[in-house]
>>> print(open('input38.cif').read())   # mmCIF, C-alpha atoms (C1' of nucleotides)
data_query
loop_
_atom_site.label_atom_id
_atom_site.label_comp_id
_atom_site.auth_asym_id
_atom_site.auth_seq_id
_atom_site.Cartn_x
_atom_site.Cartn_y
_atom_site.Cartn_z
CA MET G 28 -7.37 -52.95 -3.52
CA GLY G 29 -4.53 -55.29 -4.36
CA ALA G 30 -5.44 -56.13 -7.92
CA THR G 31 -3.12 -54.85 -10.63
CA LYS G 32 -4.69 -52.44 -13.10
CA THR G 33 -3.58 -54.49 -16.07
CA ASP G 34 -5.97 -52.90 -18.56
CA HIS G 35 -4.43 -49.46 -18.22
CA PHE G 36 -1.09 -50.52 -19.64
CA THR G 37 0.03 -51.56 -23.10
CA GLU G 38 0.04 -55.17 -24.16
CA GLN G 39 3.82 -55.18 -24.33
CA GLN G 40 4.16 -53.69 -20.87
CA ASN G 41 1.91 -56.39 -19.50
CA GLN G 42 3.77 -59.08 -21.41
CA ILE G 43 7.18 -58.08 -20.09
CA ALA G 44 5.80 -57.65 -16.57
CA THR G 45 4.21 -61.11 -16.66
CA ILE G 46 7.44 -62.77 -17.74
CA ALA G 47 9.50 -60.82 -15.21
CA LYS G 48 7.04 -61.64 -12.46
CA ALA G 49 7.36 -65.34 -13.20
CA LEU G 50 11.11 -65.01 -12.73
CA GLY G 51 10.60 -62.99 -9.56
CA HIS G 52 11.06 -65.88 -7.17
CA PRO G 53 14.32 -67.59 -6.27
CA ALA G 54 12.77 -71.06 -6.48
CA ARG G 55 11.77 -70.40 -10.07
CA ILE G 56 15.22 -69.07 -10.91
CA ALA G 57 16.65 -72.20 -9.32
CA ILE G 58 14.36 -74.35 -11.45
CA ILE G 59 15.48 -72.57 -14.62
CA GLU G 60 19.13 -73.01 -13.66
CA TYR G 61 18.59 -76.68 -12.91
CA LEU G 62 16.92 -77.24 -16.28
CA LEU G 63 19.89 -75.56 -17.94
CA LYS G 64 22.31 -77.71 -16.00
CA VAL G 65 20.79 -81.09 -16.67
CA ASP G 66 19.58 -80.45 -20.22
CA ALA G 67 16.51 -82.62 -19.72
CA CYS G 68 14.35 -82.98 -16.72
CA ILE G 69 11.69 -84.72 -14.81
CA CYS G 70 9.75 -83.02 -12.05
CA SER G 71 10.75 -85.41 -9.27
CA ASP G 72 14.39 -84.54 -9.91
CA ILE G 73 13.55 -80.92 -9.30
CA VAL G 74 11.72 -81.77 -6.09
CA ASP G 75 14.86 -83.51 -4.83
CA GLU G 76 16.96 -80.52 -5.79
CA LEU G 77 14.83 -77.85 -4.13
CA PRO G 78 14.05 -77.26 -0.45
CA LEU G 79 10.34 -77.31 -1.20
CA ALA G 80 7.56 -79.87 -1.13
CA GLN G 81 6.31 -81.51 -4.30
CA PRO G 82 3.04 -79.53 -4.57
CA THR G 83 4.96 -76.29 -4.20
CA VAL G 84 7.40 -77.20 -6.93
CA SER G 85 4.52 -78.26 -9.15
CA GLN G 86 2.93 -74.85 -8.63
CA HIS G 87 6.13 -73.00 -9.52
CA LEU G 88 6.49 -75.12 -12.64
CA LYS G 89 2.96 -74.22 -13.63
CA GLU G 90 3.70 -70.53 -13.31
CA LEU G 91 6.85 -70.81 -15.38
CA LYS G 92 4.85 -72.69 -17.97
CA ASN G 93 2.04 -70.12 -18.01
CA ALA G 94 4.59 -67.38 -18.58
CA GLY G 95 6.01 -69.35 -21.50
CA LEU G 96 9.41 -69.76 -19.88
CA ILE G 97 9.34 -73.54 -19.92
CA LYS G 98 7.44 -76.20 -21.80
CA GLY G 99 6.53 -79.67 -20.66
CA ASN G 100 6.42 -82.84 -22.70
CA ILE G 101 4.85 -86.01 -21.41
CA GLU G 102 7.43 -88.77 -21.45
CA GLY G 103 6.22 -92.07 -20.12
CA ASN G 104 4.72 -91.54 -16.72
CA ALA G 105 6.97 -88.60 -16.06
CA ILE G 106 7.12 -85.14 -17.62
CA CYS G 107 10.08 -83.58 -19.32
CA TYR G 108 10.24 -79.87 -18.67
CA CYS G 109 12.61 -77.67 -20.62
CA ILE G 110 13.48 -74.05 -21.21
CA ASP G 111 11.46 -72.24 -23.85
CA GLU G 112 14.06 -70.20 -25.68
CA LYS G 113 11.55 -67.93 -27.43
CA THR G 114 10.44 -66.18 -24.27
CA PHE G 115 13.95 -65.67 -22.96
CA ASN G 116 14.79 -64.05 -26.27
CA ILE G 117 11.96 -61.58 -25.80
CA LEU G 118 13.53 -60.56 -22.50
CA LYS G 119 17.05 -60.41 -23.87
CA GLU G 120 15.98 -58.17 -26.74
CA TYR G 121 13.92 -55.95 -24.46
CA PHE G 122 16.77 -55.37 -22.01
CA GLY G 123 19.23 -55.00 -24.84
CA LYS G 124 17.14 -52.18 -26.25
CA ILE G 125 16.89 -50.52 -22.83
CA ILE G 126 20.63 -50.60 -22.33
CA LEU G 127 21.24 -49.18 -25.80
CA THR G 128 18.90 -46.30 -25.04
CA VAL G 129 20.37 -45.64 -21.61
CA THR G 130 23.96 -45.46 -22.78
CA ASN G 131 22.94 -42.66 -25.14
CA GLN G 132 21.31 -40.70 -22.34
CA LYS G 133 22.79 -37.83 -20.43
CA CYS G 134 20.51 -37.53 -17.42
CA CYS G 135 22.01 -38.43 -14.03
CA MET F 26 2.65 -69.47 4.62
CA GLY F 27 3.26 -66.86 2.00
CA ALA F 28 6.82 -65.94 2.89
CA THR F 29 9.48 -66.87 0.39
CA LYS F 30 12.21 -69.19 1.66
CA THR F 31 14.96 -66.81 0.60
CA ASP F 32 17.67 -68.39 2.72
CA HIS F 33 17.52 -71.72 0.92
CA PHE F 34 18.70 -70.29 -2.37
CA THR F 35 22.00 -68.87 -3.55
CA GLU F 36 22.76 -65.19 -3.34
CA GLN F 37 22.74 -64.85 -7.09
CA GLN F 38 19.41 -66.62 -7.39
CA ASN F 39 17.95 -64.22 -4.86
CA GLN F 40 19.52 -61.25 -6.57
CA ILE F 41 18.11 -62.08 -10.01
CA ALA F 42 14.72 -62.91 -8.50
CA THR F 43 14.61 -59.60 -6.63
CA ILE F 44 15.39 -57.60 -9.75
CA ALA F 45 12.93 -59.58 -11.85
CA LYS F 46 10.26 -59.20 -9.21
CA ALA F 47 10.67 -55.43 -9.25
CA LEU F 48 10.04 -55.51 -13.00
CA GLY F 49 7.07 -57.81 -12.52
CA HIS F 50 4.44 -55.09 -12.60
CA PRO F 51 3.24 -53.20 -15.68
CA ALA F 52 3.26 -49.87 -13.85
CA ARG F 53 6.93 -50.30 -13.07
CA ILE F 54 7.68 -51.29 -16.65
CA ALA F 55 5.78 -48.19 -17.75
CA ILE F 56 7.86 -46.06 -15.37
CA ILE F 57 11.09 -47.47 -16.78
CA GLU F 58 9.89 -46.83 -20.33
CA TYR F 59 8.89 -43.28 -19.46
CA LEU F 60 12.29 -42.59 -17.90
CA LEU F 61 13.89 -43.88 -21.09
CA LYS F 62 11.67 -41.71 -23.24
CA VAL F 63 12.17 -38.40 -21.46
CA ASP F 64 15.83 -38.84 -20.47
CA ALA F 65 15.31 -36.93 -17.20
CA CYS F 66 12.39 -37.02 -14.91
CA ILE F 67 10.45 -35.68 -12.01
CA CYS F 68 7.96 -37.76 -10.08
CA SER F 69 4.90 -35.62 -10.75
CA ASP F 70 5.45 -36.12 -14.48
CA ILE F 71 5.22 -39.83 -13.90
CA VAL F 72 2.06 -39.39 -11.89
CA ASP F 73 0.48 -37.51 -14.81
CA GLU F 74 1.61 -40.21 -17.18
CA LEU F 75 0.27 -43.19 -15.24
CA PRO F 76 -3.30 -44.17 -14.36
CA LEU F 77 -2.35 -44.34 -10.68
CA ALA F 78 -2.48 -42.01 -7.69
CA GLN F 79 0.61 -40.22 -6.42
CA PRO F 80 1.20 -42.43 -3.35
CA THR F 81 0.96 -45.53 -5.52
CA VAL F 82 3.49 -44.19 -8.00
CA SER F 83 5.76 -43.19 -5.15
CA GLN F 84 5.59 -46.72 -3.82
CA HIS F 85 6.44 -48.23 -7.20
CA LEU F 86 9.38 -45.83 -7.53
CA LYS F 87 10.61 -46.94 -4.15
CA GLU F 88 10.53 -50.57 -5.18
CA LEU F 89 12.42 -49.86 -8.38
CA LYS F 90 14.96 -47.94 -6.35
CA ASN F 91 15.34 -50.72 -3.76
CA ALA F 92 15.99 -53.18 -6.55
CA GLY F 93 18.66 -50.85 -7.95
CA LEU F 94 16.85 -50.31 -11.22
CA ILE F 95 16.58 -46.55 -10.84
CA LYS F 96 18.34 -43.90 -8.80
CA GLY F 97 16.95 -40.61 -7.56
CA ASN F 98 18.73 -37.29 -7.33
CA ILE F 99 17.28 -34.36 -5.45
CA GLU F 100 16.94 -31.43 -7.80
CA GLY F 101 15.38 -28.36 -6.26
CA ASN F 102 12.09 -29.28 -4.65
CA ALA F 103 11.57 -32.13 -7.03
CA ILE F 104 13.43 -35.39 -7.56
CA CYS F 105 15.11 -36.58 -10.71
CA TYR F 106 14.75 -40.31 -11.14
CA CYS F 107 16.76 -42.12 -13.77
CA ILE F 108 17.62 -45.60 -14.97
CA ASP F 109 20.50 -47.35 -13.23
CA GLU F 110 22.33 -49.00 -16.07
CA LYS F 111 24.38 -51.31 -13.85
CA THR F 112 21.44 -53.40 -12.75
CA PHE F 113 20.00 -53.74 -16.23
CA ASN F 114 23.37 -55.00 -17.34
CA ILE F 115 23.25 -57.72 -14.72
CA LEU F 116 19.98 -58.90 -16.21
CA LYS F 117 21.17 -58.64 -19.79
CA GLU F 118 24.24 -60.70 -19.04
CA TYR F 119 22.29 -63.26 -17.08
CA PHE F 120 19.75 -63.83 -19.86
CA GLY F 121 22.46 -63.74 -22.48
CA LYS F 122 24.19 -66.60 -20.70
CA ILE F 123 20.95 -68.55 -20.43
CA ILE F 124 20.26 -68.22 -24.13
CA LEU F 125 23.78 -69.28 -25.03
CA THR F 126 23.38 -72.38 -22.88
CA VAL F 127 19.95 -73.22 -24.25
CA THR F 128 20.96 -73.03 -27.90
CA ASN F 129 23.57 -75.68 -27.23
CA GLN F 130 21.02 -78.00 -25.66
CA LYS F 131 19.23 -80.87 -27.30
CA CYS F 132 16.42 -81.60 -24.91
CA CYS F 133 12.87 -80.92 -26.19
"C1'" DA C 18 6.66 -16.09 7.93
"C1'" DA C 19 2.80 -17.88 5.14
"C1'" DT C 20 1.65 -20.33 1.14
"C1'" DA C 21 2.13 -23.51 -2.51
"C1'" DA C 22 4.15 -27.45 -4.76
"C1'" DT C 23 6.38 -31.88 -4.69
"C1'" DA C 24 7.12 -36.22 -2.95
"C1'" DA C 25 7.30 -39.58 1.02
"C1'" DT C 26 5.00 -42.05 4.66
"C1'" DC C 27 1.08 -44.04 7.32
"C1'" DG C 28 -2.86 -46.77 7.72
"C1'" DT C 29 -5.89 -49.83 5.81
"C1'" DA C 30 -8.85 -52.56 2.60
"C1'" DA C 31 -8.80 -55.72 -1.23
"C1'" DT C 32 -6.46 -59.11 -3.51
"C1'" DA C 33 -2.44 -62.19 -4.72
"C1'" DT C 34 1.27 -65.24 -3.61
"C1'" DT C 35 3.61 -68.87 -1.14
"C1'" DG C 36 3.78 -73.21 0.93
"C1'" DC C 37 2.09 -77.57 2.07
"C1'" DG C 38 -0.91 -81.59 3.68
"C1'" DA C 39 -4.40 -84.28 1.76
"C1'" DT C 40 -6.24 -86.00 -2.16
"C1'" DA C 41 -6.90 -86.83 -7.06
"C1'" DT C 42 -5.07 -88.34 -11.56
"C1'" DT C 43 -2.38 -90.80 -14.71
"C1'" DA C 44 0.41 -94.34 -16.49
"C1'" DA C 45 3.85 -97.92 -15.92
"C1'" DA C 46 4.94 -102.36 -13.47
"C1'" DA C 47 4.08 -106.39 -11.03
"C1'" DT E 18 -6.05 -105.90 -11.94
"C1'" DT E 19 -3.73 -104.35 -7.99
"C1'" DT E 20 0.13 -101.81 -6.78
"C1'" DT E 21 3.50 -98.36 -7.32
"C1'" DA E 22 5.45 -94.01 -8.94
"C1'" DA E 23 5.11 -89.37 -10.73
"C1'" DT E 24 2.46 -85.13 -11.04
"C1'" DA E 25 -1.42 -82.23 -10.60
"C1'" DT E 26 -5.09 -80.15 -8.05
"C1'" DC E 27 -7.72 -78.67 -3.84
"C1'" DG E 28 -8.14 -76.19 0.24
"C1'" DC E 29 -6.37 -73.50 3.60
"C1'" DA E 30 -3.30 -70.60 6.62
"C1'" DA E 31 0.34 -67.18 6.63
"C1'" DT E 32 2.24 -63.50 4.45
"C1'" DA E 33 3.01 -60.06 0.64
"C1'" DT E 34 1.45 -56.84 -2.78
"C1'" DT E 35 -1.38 -53.24 -4.72
"C1'" DA E 36 -3.86 -49.10 -4.40
"C1'" DC E 37 -5.17 -44.94 -2.35
"C1'" DG E 38 -6.96 -41.28 1.02
"C1'" DA E 39 -5.09 -38.66 4.62
"C1'" DT E 40 -1.23 -36.81 6.44
"C1'" DT E 41 3.45 -35.40 6.87
"C1'" DA E 42 8.00 -33.67 5.49
"C1'" DT E 43 10.66 -30.66 2.56
"C1'" DT E 44 11.75 -26.98 -0.21
"C1'" DA E 45 10.46 -22.75 -3.37
"C1'" DT E 46 7.98 -18.93 -3.91
"C1'" DT E 47 5.47 -14.96 -2.47
#
>>> encode(input="input38.cif", output="structure tokens")
Amino acid sequence: MGATKTDHFTEQQNQIATIAKALGHPARIAIIEYLLKVDACICSDIVDELPLAQPTVSQHLKELKNAGLIKGNIEGNAICYCIDEKTFNILKEYFGKIILTVTNQKCC
Amino acid sequence: MGATKTDHFTEQQNQIATIAKALGHPARIAIIEYLLKVDACICSDIVDELPLAQPTVSQHLKELKNAGLIKGNIEGNAICYCIDEKTFNILKEYFGKIILTVTNQKCC
DNA sequence: AATAATAATCGTAATATTGCGATATTAAAA
DNA sequence: TTTTAATATCGCAATATTACGATTATTATT
């Protein structure tokens, strides 16, 4: 095996898992933090910032983009990547709801 | 390759990535949601709830526990797993901060 | 003590991810 | 138009994850 049984779970469960998975790598967290810091970005900057080769960074950017966490605009012969607020809001609301529910619980 | 270069990133980046990674699977999201719903839990219940075999569920529970997202208390011959609020709060605060920063940005 | 029930661990096959060198692709600059 | 710069894609090796059958603790019940 090795393949996730995606079709057995709800659409929302898969959605949250996909977003979380995309954030499940320190390089991708570092990319997000760098984009926040510079408030505008070109990929080569990120390559300089990270301890990873250009193809690797490109791959991480692609995964963040697929998960909807960043968006890329072509800008001359470079590409401007930025945070996609929408998707982070989905996470924030989801975890907010979890914490609300937990604080009302009386289990352990 | 295949091994993540953990040592090149900050401790916080690794921490957030580890937590996010643990949530990066729909089965583990489903487990969290089930624990929220029943407000007390035994592993066999989860096995009945999920489309996965007992060893697989046990493995997912272990990963959630390692990431600090749930904690398990022995309760008779069964085990009571529950949400660990602390770790969810780390996430909530982290994403809250990101969203605050993003809304002040003017990039794309 | 023997049995049953619950959950963890082991071993292993299938698949996915990570990382990067080599090679495209694309668009500005000379 | 050739060259240069910035990114993306391909292909592959190393490693990690997912899933589960078989087995092993561990504890309750009989």
>>> resolve_selection(input="input38.cif", expression="the PyMOL selection byres ((chain G) within 9 of (chain C))", output="VMD selection string")
chain G and resid 28 to 31 79 to 83 103 to 105
>>> atom_distance(input="input38.cif", atom1="CA of Ile46 (chain G)", atom2="CA of Pro78 (chain G)")
23.5 Å
>>> atom_distance(input="input38.cif", atom1="CA of Glu60 (chain G)", atom2="CA of Ile110 (chain G)")
9.5 Å
>>> resolve_selection(input="input38.cif", expression="the PyMOL selection byres ((chain E) within 7 of (chain F))", output="PyMOL selection string")
chain E and resi 30-33+36-37+44-45
>>> atom_distance(input="input38.cif", atom1="CA of Cys107 (chain F)", atom2="CA of Lys124 (chain G)")
16.0 Å
>>> closest_residue(input="input38.cif", among="G:Ile117, G:Leu77, G:Ile106, G:Ala67", to="chain F", atoms="all atoms listed in the file")
G:Ala67
>>> resolve_selection(input="input38.cif", expression="the PyMOL selection byres ((chain F) within 7 of (chain G))", output="short mmCIF file (atom, residue, chain, number, x, y, z; two decimals) with C-alpha atoms, in the coordinates of the input")
data_model
loop_
_atom_site.label_atom_id
_atom_site.label_comp_id
_atom_site.auth_asym_id
_atom_site.auth_seq_id
_atom_site.Cartn_x
_atom_site.Cartn_y
_atom_site.Cartn_z
CA THR F 31 14.96 -66.81 0.60
CA HIS F 33 17.52 -71.72 0.92
CA PHE F 34 18.70 -70.29 -2.37
CA GLN F 38 19.41 -66.62 -7.39
CA ASN F 39 17.95 -64.22 -4.86
CA ALA F 42 14.72 -62.91 -8.50
CA THR F 43 14.61 -59.60 -6.63
CA ALA F 45 12.93 -59.58 -11.85
CA LYS F 46 10.26 -59.20 -9.21
CA LEU F 48 10.04 -55.51 -13.00
CA GLY F 49 7.07 -57.81 -12.52
CA HIS F 50 4.44 -55.09 -12.60
CA PRO F 51 3.24 -53.20 -15.68
CA ILE F 54 7.68 -51.29 -16.65
CA ALA F 55 5.78 -48.19 -17.75
CA LEU F 61 13.89 -43.88 -21.09
CA ASP F 64 15.83 -38.84 -20.47
CA ALA F 65 15.31 -36.93 -17.20
CA PRO F 76 -3.30 -44.17 -14.36
CA CYS F 107 16.76 -42.12 -13.77
CA GLU F 110 22.33 -49.00 -16.07
CA PHE F 113 20.00 -53.74 -16.23
CA LYS F 117 21.17 -58.64 -19.79
CA PHE F 120 19.75 -63.83 -19.86
CA GLY F 121 22.46 -63.74 -22.48
CA ILE F 124 20.26 -68.22 -24.13
CA THR F 126 23.38 -72.38 -22.88
CA VAL F 127 19.95 -73.22 -24.25
CA GLN F 130 21.02 -78.00 -25.66
CA CYS F 132 16.42 -81.60 -24.91
CA CYS F 133 12.87 -80.92 -26.19
#
>>> axis_aligned_box(input="input38.cif", around="region 21-39 of chain E", padding_each_side="5 Å", output="JSON")
{"center_x": -1.3, "center_y": -68.5, "center_z": -2.2, "size_x": 23.6, "size_y": 69.7, "size_z": 27.7}
>>> decode(input="input38.cif", residues="region 52-63 of chain F", atoms="all heavy atoms", output="CSV table (one decimal), in the first residue's frame")
chain,number,residue,atom,x,y,z
F,52,ALA,N,-7.4,10.8,7.4
F,52,ALA,CA,-7.7,9.9,8.5
F,52,ALA,C,-7.5,10.5,9.9
F,52,ALA,O,-8.2,10.4,10.8
F,52,ALA,CB,-6.9,8.6,8.4
F,53,ARG,N,-6.4,11.3,9.9
F,53,ARG,CA,-6.0,11.9,11.2
F,53,ARG,C,-6.9,13.1,11.5
F,53,ARG,O,-7.3,13.3,12.6
F,53,ARG,CB,-4.5,12.3,11.2
F,53,ARG,CG,-3.7,11.0,11.1
F,53,ARG,CD,-2.2,11.3,11.5
F,53,ARG,NE,-1.5,12.0,10.5
F,53,ARG,CZ,-0.7,11.4,9.5
F,53,ARG,NH1,-0.7,10.0,9.5
F,53,ARG,NH2,-0.1,12.1,8.6
F,54,ILE,N,-7.4,13.8,10.4
F,54,ILE,CA,-8.4,14.8,10.6
F,54,ILE,C,-9.7,14.2,11.1
F,54,ILE,O,-10.3,14.7,12.0
F,54,ILE,CB,-8.6,15.6,9.3
F,54,ILE,CG1,-7.3,16.3,8.9
F,54,ILE,CG2,-9.8,16.5,9.4
F,54,ILE,CD1,-7.0,17.5,9.7
F,55,ALA,N,-10.0,13.1,10.5
F,55,ALA,CA,-11.3,12.4,10.9
F,55,ALA,C,-11.2,11.9,12.3
F,55,ALA,O,-12.2,12.0,13.1
F,55,ALA,CB,-11.5,11.2,10.0
F,56,ILE,N,-10.0,11.5,12.8
F,56,ILE,CA,-9.8,11.1,14.2
F,56,ILE,C,-10.0,12.3,15.1
F,56,ILE,O,-10.8,12.2,16.1
F,56,ILE,CB,-8.4,10.4,14.4
F,56,ILE,CG1,-8.4,9.1,13.7
F,56,ILE,CG2,-8.1,10.3,15.9
F,56,ILE,CD1,-7.0,8.5,13.7
F,57,ILE,N,-9.4,13.4,14.8
F,57,ILE,CA,-9.6,14.6,15.6
F,57,ILE,C,-11.1,15.0,15.7
F,57,ILE,O,-11.6,15.2,16.7
F,57,ILE,CB,-8.8,15.7,14.9
F,57,ILE,CG1,-7.3,15.5,15.0
F,57,ILE,CG2,-9.1,17.1,15.6
F,57,ILE,CD1,-6.6,15.4,16.3
F,58,GLU,N,-11.7,14.9,14.5
F,58,GLU,CA,-13.1,15.3,14.5
F,58,GLU,C,-14.0,14.4,15.3
F,58,GLU,O,-15.0,14.8,16.0
F,58,GLU,CB,-13.7,15.4,13.1
F,58,GLU,CG,-13.0,16.6,12.3
F,58,GLU,CD,-13.5,16.8,10.9
F,58,GLU,OE1,-14.4,16.0,10.5
F,58,GLU,OE2,-13.1,17.7,10.2
F,59,TYR,N,-13.6,13.1,15.3
F,59,TYR,CA,-14.4,12.1,16.1
F,59,TYR,C,-14.2,12.3,17.6
F,59,TYR,O,-15.2,12.3,18.3
F,59,TYR,CB,-14.0,10.7,15.7
F,59,TYR,CG,-14.8,9.6,16.3
F,59,TYR,CD1,-16.2,9.5,16.1
F,59,TYR,CD2,-14.2,8.8,17.3
F,59,TYR,CE1,-16.9,8.5,16.7
F,59,TYR,CE2,-15.0,7.8,17.9
F,59,TYR,CZ,-16.3,7.7,17.6
F,59,TYR,OH,-17.1,6.7,18.3
F,60,LEU,N,-13.0,12.6,17.9
F,60,LEU,CA,-12.7,12.9,19.3
F,60,LEU,C,-13.4,14.1,19.8
F,60,LEU,O,-13.9,14.2,21.0
F,60,LEU,CB,-11.2,13.1,19.6
F,60,LEU,CG,-10.3,11.9,19.4
F,60,LEU,CD1,-8.8,12.2,19.6
F,60,LEU,CD2,-10.7,10.8,20.4
F,61,LEU,N,-13.6,15.1,18.9
F,61,LEU,CA,-14.3,16.3,19.3
F,61,LEU,C,-15.8,16.0,19.5
F,61,LEU,O,-16.5,16.5,20.4
F,61,LEU,CB,-14.2,17.4,18.2
F,61,LEU,CG,-12.9,18.1,18.1
F,61,LEU,CD1,-12.8,18.9,16.9
F,61,LEU,CD2,-12.7,19.0,19.4
F,62,LYS,N,-16.3,15.1,18.6
F,62,LYS,CA,-17.7,14.8,18.6
F,62,LYS,C,-18.1,14.0,19.8
F,62,LYS,O,-19.1,14.3,20.5
F,62,LYS,CB,-18.1,14.0,17.3
F,62,LYS,CG,-19.5,14.0,17.0
F,62,LYS,CD,-19.8,13.2,15.7
F,62,LYS,CE,-19.8,11.7,15.9
F,62,LYS,NZ,-20.0,11.0,14.6
F,63,VAL,N,-17.3,13.0,20.2
F,63,VAL,CA,-17.7,12.1,21.3
F,63,VAL,C,-17.3,12.6,22.7
F,63,VAL,O,-17.8,12.1,23.7
F,63,VAL,CB,-17.3,10.7,21.1
F,63,VAL,CG1,-17.9,10.1,19.8
F,63,VAL,CG2,-15.8,10.6,21.0
